[in-house]
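Chemist: What follows is upload-v1.tsv; its format and atoms are TSV, C-alpha atoms.
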```
chain	number	residue	atom	x	y	z
A	17	MET	CA	30.66	-33.27	172.06
A	18	ARG	CA	33.68	-31.04	172.61
A	19	LEU	CA	36.95	-32.83	173.24
A	20	LEU	CA	38.96	-30.82	175.73
A	21	LYS	CA	42.70	-30.93	175.82
A	22	GLY	CA	43.92	-34.03	177.67
A	23	VAL	CA	40.47	-35.65	177.91
A	24	TYR	CA	40.56	-37.87	174.79
A	25	PRO	CA	41.97	-41.05	176.45
A	26	TYR	CA	39.35	-40.95	179.20
A	27	ILE	CA	36.49	-40.55	176.76
A	28	LEU	CA	37.82	-43.49	174.77
A	29	ILE	CA	37.84	-45.68	177.90
A	30	GLY	CA	34.50	-44.45	179.21
A	31	MET	CA	32.53	-44.71	175.97
A	32	GLY	CA	34.10	-47.84	174.67
A	33	PHE	CA	35.76	-48.21	171.30
A	34	GLN	CA	32.60	-49.26	169.44
A	35	ALA	CA	30.62	-46.18	170.51
A	36	LEU	CA	33.40	-43.83	169.49
A	37	SER	CA	33.69	-45.60	166.12
A	38	THR	CA	29.97	-45.06	165.53
A	39	LEU	CA	30.38	-41.38	166.39
A	40	CYS	CA	33.24	-40.99	163.95
A	41	LEU	CA	31.32	-42.82	161.21
A	42	CYS	CA	28.34	-40.50	161.64
A	43	ALA	CA	30.60	-37.47	161.48
A	44	THR	CA	32.19	-38.81	158.29
A	45	VAL	CA	28.78	-39.38	156.65
A	46	ALA	CA	27.63	-35.91	157.66
A	47	TRP	CA	30.76	-34.37	156.18
A	48	ALA	CA	30.32	-36.34	152.93
A	49	GLN	CA	26.75	-35.04	152.62
A	50	GLN	CA	27.83	-31.40	152.70
A	51	PRO	CA	27.22	-29.67	149.28
A	52	ALA	CA	30.36	-29.26	147.17
A	53	PRO	CA	31.73	-25.72	147.04
A	54	PRO	CA	30.67	-23.96	143.85
A	55	GLU	CA	33.23	-24.01	141.03
A	56	ALA	CA	34.75	-20.72	140.07
A	57	ALA	CA	32.79	-19.19	137.20
A	58	LYS	CA	34.65	-19.66	133.94
A	59	PRO	CA	35.17	-16.44	131.99
A	60	ALA	CA	33.01	-16.25	128.87
A	61	THR	CA	34.89	-16.89	125.65
A	62	ASP	CA	35.11	-13.81	123.44
A	63	PRO	CA	33.95	-15.00	120.00
A	64	ILE	CA	35.68	-12.06	118.32
A	65	ALA	CA	39.02	-13.00	119.86
A	66	THR	CA	38.42	-16.53	118.61
A	67	LEU	CA	37.93	-15.24	115.07
A	68	ILE	CA	41.00	-13.03	115.23
A	69	GLY	CA	43.02	-16.04	116.33
A	70	ARG	CA	42.24	-17.56	112.94
A	71	LEU	CA	44.26	-14.85	111.21
A	72	ASN	CA	47.96	-15.54	110.93
A	73	LEU	CA	50.98	-13.96	109.31
A	74	GLU	CA	51.90	-16.83	107.01
A	75	SER	CA	48.42	-17.11	105.52
A	76	TYR	CA	48.30	-13.35	104.92
A	77	LYS	CA	51.72	-13.42	103.26
A	78	ALA	CA	50.74	-16.41	101.10
A	79	THR	CA	47.68	-14.57	99.80
A	80	ILE	CA	49.80	-11.54	98.86
A	81	LYS	CA	52.30	-13.86	97.19
A	82	GLY	CA	49.49	-15.50	95.22
A	83	LEU	CA	48.40	-12.12	93.87
A	84	THR	CA	51.92	-11.23	92.73
A	85	GLN	CA	51.92	-14.07	90.18
A	86	PHE	CA	49.89	-11.70	87.99
A	87	GLY	CA	52.46	-8.91	88.05
A	88	ASP	CA	51.15	-5.40	88.54
A	89	ARG	CA	47.58	-6.43	87.54
A	90	ARG	CA	47.11	-3.28	85.48
A	91	GLN	CA	43.46	-2.84	84.48
A	92	GLY	CA	42.54	-3.64	80.88
A	93	THR	CA	45.07	-6.48	80.51
A	94	ASP	CA	44.97	-10.27	80.44
A	95	ARG	CA	46.96	-10.40	83.69
A	96	ASN	CA	44.31	-8.28	85.39
A	97	ARG	CA	41.50	-10.50	84.10
A	98	ALA	CA	43.38	-13.61	85.25
A	99	ALA	CA	43.78	-12.07	88.70
A	100	VAL	CA	40.03	-11.41	88.95
A	101	ASP	CA	39.37	-15.07	88.08
A	102	TRP	CA	41.92	-16.22	90.68
A	103	ILE	CA	40.42	-14.00	93.40
A	104	GLU	CA	36.94	-15.38	92.69
A	105	ALA	CA	38.22	-18.96	92.83
A	106	GLN	CA	39.92	-18.26	96.17
A	107	LEU	CA	36.78	-16.72	97.65
A	108	LYS	CA	34.77	-19.78	96.62
A	109	SER	CA	37.40	-22.09	98.13
A	110	TYR	CA	36.91	-20.28	101.47
A	111	GLY	CA	33.18	-20.99	101.35
A	112	CYS	CA	32.14	-17.52	100.16
A	113	THR	CA	30.45	-19.13	97.18
A	114	ASN	CA	27.81	-16.49	96.33
A	115	THR	CA	30.29	-14.51	94.25
A	116	GLU	CA	29.03	-11.90	91.81
A	117	ARG	CA	30.66	-9.51	89.37
A	118	ILE	CA	30.16	-5.88	88.51
A	119	ARG	CA	30.57	-5.32	84.76
A	120	TYR	CA	31.20	-1.94	83.19
A	121	ASN	CA	33.08	-0.29	80.34
A	122	TYR	CA	36.10	1.93	80.73
A	123	ALA	CA	37.59	4.41	78.29
A	124	PRO	CA	40.45	6.54	79.60
A	125	PRO	CA	39.74	10.29	79.65
A	126	ALA	CA	41.81	12.78	77.71
A	127	PRO	CA	45.05	13.72	79.50
A	128	VAL	CA	44.81	16.73	81.80
A	129	PRO	CA	47.79	19.13	82.00
A	130	PRO	CA	49.53	19.20	85.41
A	131	ALA	CA	48.08	21.73	87.81
A	132	GLY	CA	51.49	22.94	88.94
A	133	VAL	CA	53.09	22.89	92.37
A	134	GLN	CA	50.69	22.05	95.17
A	135	SER	CA	50.29	24.59	97.94
A	136	PRO	CA	51.76	23.51	101.29
A	137	ILE	CA	48.33	24.33	102.78
A	138	PRO	CA	45.87	22.66	100.34
A	139	GLY	CA	42.71	23.77	102.19
A	140	PRO	CA	39.67	22.15	103.88
A	141	GLY	CA	39.53	18.38	103.58
A	142	ARG	CA	43.11	18.10	102.41
A	143	ALA	CA	46.09	17.62	104.69
A	144	ARG	CA	48.94	20.07	105.11
A	145	LEU	CA	52.28	18.81	103.80
A	146	ARG	CA	55.10	19.16	106.30
A	147	GLY	CA	58.72	18.15	106.73
A	148	THR	CA	61.06	16.57	104.19
A	149	ARG	CA	59.37	15.86	100.88
A	150	ARG	CA	60.38	13.17	98.41
A	151	GLN	CA	59.35	13.05	94.77
A	152	THR	CA	56.43	10.76	93.95
A	153	GLY	CA	54.86	9.55	90.71
A	154	VAL	CA	53.96	6.52	88.61
A	155	ASN	CA	56.72	4.59	86.87
A	156	ASN	CA	55.80	3.91	83.24
A	157	ASP	CA	59.29	2.94	82.08
A	158	PRO	CA	59.66	-0.85	81.64
A	159	ALA	CA	63.46	-0.51	81.56
A	160	LYS	CA	63.40	0.36	85.26
A	161	GLN	CA	62.26	-3.21	86.04
A	162	PRO	CA	65.49	-5.28	86.07
A	163	ASP	CA	63.66	-8.63	86.34
A	164	VAL	CA	63.28	-9.76	82.72
A	165	LYS	CA	60.47	-12.25	83.43
A	166	LEU	CA	58.47	-9.71	85.40
A	167	ARG	CA	59.06	-7.07	82.75
A	168	GLU	CA	57.69	-9.47	80.13
A	169	LEU	CA	54.70	-10.36	82.32
A	170	ASN	CA	53.82	-6.66	82.66
A	171	SER	CA	54.44	-5.79	79.01
A	172	GLN	CA	50.86	-6.03	77.68
A	173	PRO	CA	49.42	-2.48	77.63
A	174	SER	CA	45.99	-1.56	78.92
A	175	THR	CA	43.23	-1.21	76.34
A	176	PRO	CA	39.78	0.39	76.68
A	177	GLY	CA	36.74	-1.83	76.91
A	178	PRO	CA	34.85	-4.13	79.29
A	179	ARG	CA	35.96	-4.46	82.91
A	180	GLU	CA	34.92	-6.77	85.74
A	181	GLU	CA	35.35	-6.89	89.51
A	182	VAL	CA	34.24	-9.51	92.01
A	183	TYR	CA	32.56	-9.56	95.42
A	184	CYS	CA	30.92	-12.08	97.76
A	185	THR	CA	28.68	-11.69	100.79
A	186	LYS	CA	28.29	-13.17	104.26
A	187	ILE	CA	24.50	-13.13	104.73
A	188	GLY	CA	23.25	-11.90	108.10
A	189	THR	CA	20.95	-14.20	110.04
A	190	VAL	CA	18.94	-11.46	111.80
A	191	HIS	CA	19.21	-8.42	109.52
A	192	PRO	CA	20.15	-9.68	106.06
A	193	GLU	CA	18.82	-6.38	104.70
A	194	GLU	CA	21.74	-4.41	106.22
A	195	MET	CA	25.46	-4.72	105.54
A	196	TYR	CA	28.98	-3.41	105.94
A	197	ILE	CA	31.22	-3.29	102.86
A	198	VAL	CA	34.84	-4.38	103.43
A	199	ALA	CA	36.93	-3.59	100.36
A	200	ALA	CA	40.25	-3.01	98.62
A	201	HIS	CA	41.38	-2.49	95.02
A	202	MET	CA	43.07	-5.39	93.23
A	203	ASP	CA	44.66	-3.50	90.29
A	204	GLY	CA	48.09	-1.87	90.31
A	205	VAL	CA	50.61	0.01	88.22
A	206	GLY	CA	54.36	0.67	88.10
A	207	TRP	CA	55.89	-2.44	86.46
A	208	GLY	CA	56.35	-4.25	89.76
A	209	GLU	CA	54.13	-6.83	91.50
A	210	ALA	CA	51.78	-4.37	93.23
A	211	ALA	CA	52.47	-6.34	96.41
A	212	ASN	CA	51.73	-3.41	98.69
A	213	ASP	CA	49.55	-1.24	96.41
A	214	ASP	CA	47.25	-2.95	96.72
A	215	GLY	CA	48.03	-6.64	97.09
A	216	SER	CA	48.29	-5.99	100.81
A	217	GLY	CA	44.75	-4.58	101.04
A	218	THR	CA	43.29	-7.18	98.68
A	219	ALA	CA	44.85	-10.03	100.71
A	220	LEU	CA	43.48	-8.50	103.91
A	221	VAL	CA	39.92	-8.49	102.55
A	222	MET	CA	40.33	-12.05	101.25
A	223	GLU	CA	41.63	-13.24	104.61
A	224	LEU	CA	38.61	-11.73	106.36
A	225	ALA	CA	36.34	-13.43	103.83
A	226	ARG	CA	38.05	-16.72	104.69
A	227	VAL	CA	37.47	-16.30	108.43
A	228	PHE	CA	33.86	-15.10	108.20
A	229	SER	CA	32.92	-17.78	105.63
A	230	ASP	CA	33.36	-20.59	108.13
A	231	PRO	CA	29.84	-22.10	108.38
A	232	GLN	CA	30.14	-22.09	112.19
A	233	VAL	CA	30.46	-18.28	112.12
A	234	GLN	CA	27.17	-16.40	112.16
A	235	THR	CA	26.60	-12.66	111.87
A	236	ASP	CA	23.44	-10.70	112.63
A	237	ARG	CA	24.09	-8.33	109.71
A	238	SER	CA	25.55	-9.01	106.29
A	239	ILE	CA	29.16	-8.29	105.29
A	240	ARG	CA	30.22	-7.80	101.67
A	241	PHE	CA	33.82	-8.42	100.61
A	242	ALA	CA	34.53	-6.39	97.46
A	243	LEU	CA	37.71	-6.21	95.36
A	244	TRP	CA	37.50	-3.15	93.11
A	245	ASN	CA	39.14	-2.81	89.72
A	246	ASN	CA	40.35	0.37	87.98
A	247	GLU	CA	41.23	2.25	91.17
A	248	GLU	CA	44.54	3.39	89.72
A	249	SER	CA	42.82	4.92	86.69
A	250	GLY	CA	40.51	7.06	88.82
A	251	ARG	CA	38.45	4.84	91.14
A	252	ASN	CA	36.34	3.68	88.19
A	253	GLY	CA	35.49	0.26	89.66
A	254	GLY	CA	34.15	1.69	92.91
A	255	LEU	CA	32.26	4.37	91.02
A	256	ALA	CA	30.68	1.71	88.77
A	257	TYR	CA	29.51	-0.22	91.84
A	258	VAL	CA	27.95	2.89	93.36
A	259	ALA	CA	26.22	3.82	90.11
A	260	GLN	CA	24.77	0.35	89.59
A	261	ARG	CA	23.86	-0.59	93.18
A	262	LYS	CA	23.09	2.47	95.32
A	263	ASP	CA	19.41	2.63	94.36
A	264	LEU	CA	18.88	-1.07	95.09
A	265	GLN	CA	19.69	-0.79	98.79
A	266	GLY	CA	17.38	-2.62	101.17
A	267	ILE	CA	14.99	-3.84	98.47
A	268	GLU	CA	13.72	-7.39	98.98
A	269	SER	CA	13.85	-9.29	95.69
A	270	PRO	CA	11.82	-11.26	94.88
A	271	ALA	CA	9.23	-9.75	97.23
A	272	GLY	CA	8.60	-11.98	100.24
A	273	SER	CA	11.75	-14.07	99.60
A	274	GLY	CA	13.79	-12.69	102.49
A	275	LYS	CA	16.60	-12.02	99.97
A	276	TYR	CA	18.23	-8.63	99.56
A	277	PRO	CA	20.59	-8.43	96.55
A	278	GLU	CA	21.86	-5.07	97.82
A	279	PRO	CA	21.43	-4.69	101.57
A	280	LYS	CA	21.33	-1.19	103.01
A	281	TRP	CA	24.84	0.18	103.45
A	282	LEU	CA	25.77	0.77	107.09
A	283	GLY	CA	29.44	1.53	106.49
A	284	MET	CA	32.17	1.22	103.88
A	285	ILE	CA	35.71	0.28	104.90
A	286	GLN	CA	38.53	0.54	102.33
A	287	HIS	CA	42.06	-0.91	102.65
A	288	ASP	CA	44.80	0.58	100.47
A	289	MET	CA	48.55	0.05	101.04
A	290	MET	CA	49.01	-1.67	104.41
A	291	LEU	CA	52.68	-2.59	104.83
A	292	PHE	CA	55.23	0.24	104.85
A	293	ASP	CA	55.63	2.76	107.68
A	294	HIS	CA	59.36	3.46	107.82
A	295	GLY	CA	59.00	7.15	108.66
A	296	MET	CA	59.61	10.48	106.98
A	297	PRO	CA	62.35	10.72	104.32
A	298	ARG	CA	65.70	11.86	105.61
A	299	LYS	CA	67.10	15.17	104.43
A	300	ASP	CA	69.07	13.36	101.71
A	301	GLY	CA	65.86	11.72	100.44
A	302	THR	CA	66.66	8.23	101.71
A	303	ILE	CA	64.24	6.14	103.79
A	304	SER	CA	64.98	3.91	106.77
A	305	PRO	CA	65.20	0.25	105.67
A	306	GLU	CA	63.37	-0.88	108.82
A	307	GLN	CA	59.76	-0.55	109.93
A	308	ARG	CA	59.81	2.18	112.55
A	309	PRO	CA	59.02	1.05	116.13
A	310	GLU	CA	56.20	3.61	116.36
A	311	ALA	CA	54.53	2.42	113.12
A	312	ASP	CA	50.75	2.56	113.21
A	313	VAL	CA	47.60	1.78	111.26
A	314	ASN	CA	46.14	5.02	109.91
A	315	ILE	CA	42.33	5.18	109.92
A	316	GLU	CA	41.01	8.13	107.92
A	317	TYR	CA	37.63	9.70	107.24
A	318	GLN	CA	36.82	12.81	105.17
A	319	VAL	CA	35.87	15.77	107.30
A	320	THR	CA	34.07	17.54	104.42
A	321	SER	CA	31.85	14.58	103.50
A	322	LYS	CA	28.10	14.53	104.11
A	323	PHE	CA	28.53	11.67	106.58
A	324	ALA	CA	31.58	13.12	108.36
A	325	ASP	CA	30.18	12.74	111.90
A	326	ALA	CA	29.11	9.12	111.36
A	327	ALA	CA	32.40	8.34	109.62
A	328	MET	CA	34.36	9.83	112.52
A	329	LEU	CA	32.48	7.61	114.97
A	330	LEU	CA	33.10	4.60	112.73
A	331	ALA	CA	36.82	5.42	112.61
A	332	HIS	CA	37.01	5.59	116.40
A	333	THR	CA	35.15	2.28	116.67
A	334	PHE	CA	37.95	0.78	114.60
A	335	GLN	CA	40.57	2.46	116.78
A	336	THR	CA	38.94	0.94	119.88
A	337	ALA	CA	38.95	-2.49	118.22
A	338	ASN	CA	42.65	-2.02	117.49
A	339	GLU	CA	43.31	-1.30	121.17
A	340	LYS	CA	41.56	-4.53	122.13
A	341	TYR	CA	42.62	-6.97	119.41
A	342	ALA	CA	45.70	-5.84	117.45
A	343	THR	CA	48.87	-7.55	118.62
A	344	ASP	CA	51.70	-5.20	117.64
A	345	TYR	CA	50.82	-1.80	116.18
A	346	PRO	CA	48.40	0.89	117.39
A	347	ALA	CA	45.94	2.87	115.27
A	348	ASN	CA	45.47	6.60	114.81
A	349	VAL	CA	42.52	8.48	113.34
A	350	GLY	CA	42.76	11.37	110.87
A	351	PRO	CA	40.22	13.52	108.98
A	352	HIS	CA	41.76	13.61	105.47
A	353	MET	CA	40.68	10.41	103.69
A	354	ASN	CA	41.30	10.86	99.99
A	355	ASN	CA	42.37	9.26	96.70
A	356	THR	CA	40.90	5.80	97.24
A	357	ASP	CA	37.63	3.99	96.58
A	358	SER	CA	35.95	4.95	99.85
A	359	THR	CA	35.69	8.54	98.58
A	360	SER	CA	33.14	7.25	96.05
A	361	PHE	CA	30.89	6.30	99.01
A	362	GLN	CA	31.60	9.14	101.45
A	363	ASP	CA	28.48	11.21	100.65
A	364	LEU	CA	26.20	8.17	100.76
A	365	VAL	CA	27.30	6.34	103.91
A	366	ALA	CA	29.89	6.50	106.69
A	367	ALA	CA	33.13	5.64	104.89
A	368	ILE	CA	36.68	5.20	106.16
A	369	SER	CA	40.00	3.92	104.85
A	370	LEU	CA	42.81	2.02	106.58
A	371	ARG	CA	46.40	2.58	105.41
A	372	GLU	CA	50.07	2.32	106.31
A	373	ASN	CA	50.38	6.14	106.42
A	374	GLU	CA	48.18	9.19	106.08
A	375	ARG	CA	47.33	9.33	102.39
A	376	LEU	CA	47.99	13.01	101.68
A	377	SER	CA	50.44	14.30	104.26
A	378	GLN	CA	52.66	11.19	104.35
A	379	ILE	CA	52.24	8.95	101.29
A	380	GLY	CA	51.76	12.08	99.20
A	381	ASN	CA	54.92	13.47	100.75
A	382	GLY	CA	57.01	10.50	99.62
A	383	TRP	CA	57.08	8.33	102.75
A	384	ASP	CA	56.75	5.12	100.68
A	385	PRO	CA	59.48	4.95	98.00
A	386	HIS	CA	57.90	1.83	96.44
A	387	TRP	CA	54.55	3.47	95.71
A	388	HIS	CA	53.79	2.90	91.99
A	389	GLN	CA	57.36	1.81	91.41
A	390	PRO	CA	59.02	-1.38	90.04
A	391	THR	CA	60.29	-2.06	93.57
A	392	ASP	CA	56.76	-2.80	94.84
A	393	LEU	CA	57.64	-6.50	95.07
A	394	TYR	CA	56.83	-9.22	97.59
A	395	ALA	CA	60.56	-9.63	98.26
A	396	THR	CA	60.92	-5.94	99.17
A	397	PHE	CA	59.03	-6.28	102.43
A	398	SER	CA	60.04	-7.81	105.76
A	399	ASP	CA	57.96	-9.70	108.29
A	400	ASP	CA	57.73	-6.48	110.31
A	401	ASP	CA	56.15	-4.85	107.26
A	402	PHE	CA	53.74	-7.72	106.67
A	403	ARG	CA	52.87	-7.70	110.36
A	404	LEU	CA	51.58	-4.13	110.05
A	405	GLY	CA	49.13	-5.39	107.43
A	406	LEU	CA	48.14	-8.27	109.69
A	407	ASN	CA	47.44	-5.80	112.50
A	408	ALA	CA	45.19	-3.84	110.16
A	409	ALA	CA	43.37	-7.12	109.44
A	410	GLN	CA	42.98	-7.74	113.18
A	411	THR	CA	41.63	-4.21	113.57
A	412	THR	CA	39.04	-4.52	110.81
A	413	LEU	CA	37.98	-8.03	111.79
A	414	GLY	CA	37.52	-6.95	115.40
A	415	ALA	CA	35.47	-3.87	114.52
A	416	VAL	CA	33.33	-5.47	111.80
A	417	ALA	CA	32.66	-8.57	113.89
A	418	GLN	CA	31.39	-6.33	116.68
A	419	LEU	CA	29.31	-4.12	114.37
A	420	ALA	CA	27.82	-7.05	112.44
A	421	GLY	CA	27.15	-9.11	115.57
A	422	ALA	CA	29.46	-12.04	114.87
A	423	ASP	CA	29.45	-15.23	116.91
A	424	THR	CA	30.95	-18.68	116.53
A	425	ALA	CA	27.87	-20.46	117.93
A	426	PRO	CA	24.86	-21.46	115.82
A	427	LEU	CA	21.95	-19.03	115.96
A	428	SER	CA	19.78	-21.53	117.89
A	429	ALA	CA	22.38	-21.78	120.64
A	430	ARG	CA	22.71	-17.98	120.80
A	431	VAL	CA	18.93	-17.57	121.15
A	432	SER	CA	18.65	-20.24	123.89
A	433	ASN	CA	21.38	-18.55	125.87
```
Can the structure in the file be given as structure tokens, please?

Modeler:
Amino acid sequence: MRLLKGVYPYILIGMGFQALSTLCLCATVAWAQQPAPPEAAKPATDPIATLIGRLNLESYKATIKGLTQFGDRRQGTDRNRAAVDWIEAQLKSYGCTNTERIRYNYAPPAPVPPAGVQSPIPGPGRARLRGTRRQTGVNNDPAKQPDVKLRELNSQPSTPGPREEVYCTKIGTVHPEEMYIVAAHMDGVGWGEAANDDGSGTALVMELARVFSDPQVQTDRSIRFALWNNEESGRNGGLAYVAQRKDLQGIESPAGSGKYPEPKWLGMIQHDMMLFDHGMPRKDGTISPEQRPEADVNIEYQVTSKFADAAMLLAHTFQTANEKYATDYPANVGPHMNNTDSTSFQDLVAAISLRENERLSQIGNGWDPHWHQPTDLYATFSDDDFRLGLNAAQTTLGAVAQLAGADTAPLSARVSN
């Protein structure tokens, strides 16, 4: 029935109040029986973003601070051995309890005379040095460390002999026979605290181990968190790992057990010096005291390596993850990875390194005045500096979580969905 304008009173009189009430009641019931409008679809939660949210600046800083209690952690000393023990205990406290150690012997080689002044155009695979250059080198003079307690802590010299380094593994639920290696070196030099070189990289790897070791986090593929020793003496810890483990890749042991002591390497990601990007030295040799606004995470691969194409693609995968997940600083890719543990892997698997600056053209040109110096102290760096390291952690976590197939739901729930 259509109620025309001005007709309502007459209908009310003609039909009687009771009839109209019945009509209204029927209309009300009919309206109530209409299906509810569908709810707006809720956006799917990104499990990788959830994991990255579990990283935070204060936890990252606290891990670096914990490492500095062992001074510069020079290889072949009691302070280095104590740091290895502490790292292992921390990994276990995160739930990464399947820790193992690589054991090897180290004897320093005979000194090699300096090669002279480096050419400004070093050649293929090595970056061209440009702009203002600042002297670099390793401080071996204890008198340059004004802190008496720290000088005493660092006083024991390195001696040849046995060495150890620790790693733990997140076992993949679908492809436990494949893995990504996420690594840094835990030793340092220079009579400081090795807070940046390489406490910053070591803390990054440990923080990722903490996040991935949550039992609610599952990954399709395995992830190994490795903290190398003896990097400063010539990458000896990484080389020892390669020598001992490369031929064990992908072998099930015992047969039929579903266990793979050394899963097949899919990629190796090194982290070495993560905090300081204050720009090129000024003409007078001084450096800006502030992190530059255009600071970035430098992702490098080696263009002359046997896996250069795969490493380049891996580097750009990390750059894409930075675009999506890093909160403050962008990432740039370069082809001159060098002088860090990933070079020990570069002809065996796609290998990249993440750094504060390009290793050869910037760090090698003196962009970080604390490199191998007594000023490499926790107190030297600001929150803006530490935040650059945190952004590198966000970048690596985002990329590795994607590559390894990470999720925060149990496997049964993932399969049912």

Chemist: Would you give me, as JSON lines, each residue of segment 60-113 of chain A having an atom within 10 Å of an atom of segment 242-251 of chain A, along with its shortest atom pair and that distance in Å to one decimal, using only C-alpha atoms and sorting by chain and residue number?

Modeler:
```
{"residue": "A:Arg89", "atom": "CA", "partner": "A:Asn245", "partner_atom": "CA", "distance": 9.4}
{"residue": "A:Arg90", "atom": "CA", "partner": "A:Asn246", "partner_atom": "CA", "distance": 8.1}
{"residue": "A:Gln91", "atom": "CA", "partner": "A:Asn246", "partner_atom": "CA", "distance": 5.7}
{"residue": "A:Gly92", "atom": "CA", "partner": "A:Asn246", "partner_atom": "CA", "distance": 8.4}
{"residue": "A:Asn96", "atom": "CA", "partner": "A:Asn245", "partner_atom": "CA", "distance": 8.7}
{"residue": "A:Arg97", "atom": "CA", "partner": "A:Asn245", "partner_atom": "CA", "distance": 9.8}
{"residue": "A:Val100", "atom": "CA", "partner": "A:Leu243", "partner_atom": "CA", "distance": 8.6}
{"residue": "A:Ile103", "atom": "CA", "partner": "A:Leu243", "partner_atom": "CA", "distance": 8.5}
{"residue": "A:Glu104", "atom": "CA", "partner": "A:Leu243", "partner_atom": "CA", "distance": 9.6}
```

Chemist: How would the residues just chosen look if you wrote them out with C-alpha atoms as a PDB file, keeping the file's coordinate frame?

Modeler:
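What landed in out.pdb:
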```pdb
ATOM      1  CA  ARG A  89      47.580  -6.430  87.540  1.00  0.00           C
ATOM      2  CA  ARG A  90      47.110  -3.280  85.480  1.00  0.00           C
ATOM      3  CA  GLN A  91      43.460  -2.840  84.480  1.00  0.00           C
ATOM      4  CA  GLY A  92      42.540  -3.640  80.880  1.00  0.00           C
ATOM      5  CA  ASN A  96      44.310  -8.280  85.390  1.00  0.00           C
ATOM      6  CA  ARG A  97      41.500 -10.500  84.100  1.00  0.00           C
ATOM      7  CA  VAL A 100      40.030 -11.410  88.950  1.00  0.00           C
ATOM      8  CA  ILE A 103      40.420 -14.000  93.400  1.00  0.00           C
ATOM      9  CA  GLU A 104      36.940 -15.380  92.690  1.00  0.00           C
TER      10      GLU A 104
END
```

Chemist: Kindly provide, as AutoDock Vina command-line options, the centre and edge lengths (Å, one decimal) of an axis-aligned box around all atoms of segment 316-324 of chain A given in the file, with 4 Å on each side.

Modeler:
```
--center_x 34.6 --center_y 12.8 --center_z 105.9 --size_x 20.9 --size_y 17.4 --size_z 12.9
```

Chemist: Hey, can you check how far atom CA of Thr218 of chain A sits from atom CA of Ser369 of chain A?

Modeler: 13.1 Å

Chemist: Of the candidates A:Ala126, A:Ala408, A:Ala143, A:Val227, which one gets nearest to Gly380 of chain A if we count only C-alpha atoms?

Modeler: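 With only C-alpha atoms as the atom set, the closest residue is A:Ala143.
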
Chemist: Report the distance between atom CA of Gln410 of chain A and atom CA of Val233 of chain A in Å, rounded to one decimal place.

Modeler: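 So the two atoms, atom CA of Gln410 of chain A and atom CA of Val233 of chain A, lie 16.4 Å apart.
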
Chemist: Kindly indicate which residue among A:Met289, A:Ala256, A:Leu404, A:Ala395 lies nearest to Glu310 of chain A, using all atoms listed in the file for the distances.

Modeler: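 Among the listed residues, the smallest separation from Glu310 of chain A belongs to A:Leu404.
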
Chemist: What is the distance, in Å and to one decimal place, between atom CA of Glu339 of chain A and atom CA of Glu74 of chain A?

Modeler: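 That distance, rounded to one decimal, is 22.7 Å.
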
Chemist: I want to know what sits within 12 Å of Ala199 of chain A, based on only C-alpha atoms, with residues of the same chain fewer than 4 positions away left out; could you give that as a VMD selection string?

Modeler: chain A and resid 181 to 185 214 to 225 239 to 245 247 253 to 254 257 283 to 288 356 to 358 361 367 to 370 409 412

Chemist: Any chance you could export the current selection's C-alpha atoms as a compact mmCIF listing (two decimals), in the coordinates of the input?

Modeler:
```
# COMPACT_ATOMS: atom_id res chain seq x y z
CA GLU A 181 35.35 -6.89 89.51
CA VAL A 182 34.24 -9.51 92.01
CA TYR A 183 32.56 -9.56 95.42
CA CYS A 184 30.92 -12.08 97.76
CA THR A 185 28.68 -11.69 100.79
CA ASP A 214 47.25 -2.95 96.72
CA GLY A 215 48.03 -6.64 97.09
CA SER A 216 48.29 -5.99 100.81
CA GLY A 217 44.75 -4.58 101.04
CA THR A 218 43.29 -7.18 98.68
CA ALA A 219 44.85 -10.03 100.71
CA LEU A 220 43.48 -8.50 103.91
CA VAL A 221 39.92 -8.49 102.55
CA MET A 222 40.33 -12.05 101.25
CA GLU A 223 41.63 -13.24 104.61
CA LEU A 224 38.61 -11.73 106.36
CA ALA A 225 36.34 -13.43 103.83
CA ILE A 239 29.16 -8.29 105.29
CA ARG A 240 30.22 -7.80 101.67
CA PHE A 241 33.82 -8.42 100.61
CA ALA A 242 34.53 -6.39 97.46
CA LEU A 243 37.71 -6.21 95.36
CA TRP A 244 37.50 -3.15 93.11
CA ASN A 245 39.14 -2.81 89.72
CA GLU A 247 41.23 2.25 91.17
CA GLY A 253 35.49 0.26 89.66
CA GLY A 254 34.15 1.69 92.91
CA TYR A 257 29.51 -0.22 91.84
CA GLY A 283 29.44 1.53 106.49
CA MET A 284 32.17 1.22 103.88
CA ILE A 285 35.71 0.28 104.90
CA GLN A 286 38.53 0.54 102.33
CA HIS A 287 42.06 -0.91 102.65
CA ASP A 288 44.80 0.58 100.47
CA THR A 356 40.90 5.80 97.24
CA ASP A 357 37.63 3.99 96.58
CA SER A 358 35.95 4.95 99.85
CA PHE A 361 30.89 6.30 99.01
CA ALA A 367 33.13 5.64 104.89
CA ILE A 368 36.68 5.20 106.16
CA SER A 369 40.00 3.92 104.85
CA LEU A 370 42.81 2.02 106.58
CA ALA A 409 43.37 -7.12 109.44
CA THR A 412 39.04 -4.52 110.81
```

Chemist: Using all atoms listed in the file, which of the listed residues (A:Ala210, A:Val205, A:Leu291, A:Val164) sits closest to Phe402 of chain A?

Modeler: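 Using all atoms listed in the file, Phe402 of chain A sits closest to A:Leu291.
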
Chemist: Give the answer as one residue: which of A:Met328, A:Ala271, A:Leu406, A:Met353 has the shortest atom-to-atom distance to Asp312 of chain A, using all atoms listed in the file?

Modeler: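 Between A:Met328, A:Ala271, A:Leu406, A:Met353, the residue approaching Asp312 of chain A most closely is A:Leu406.
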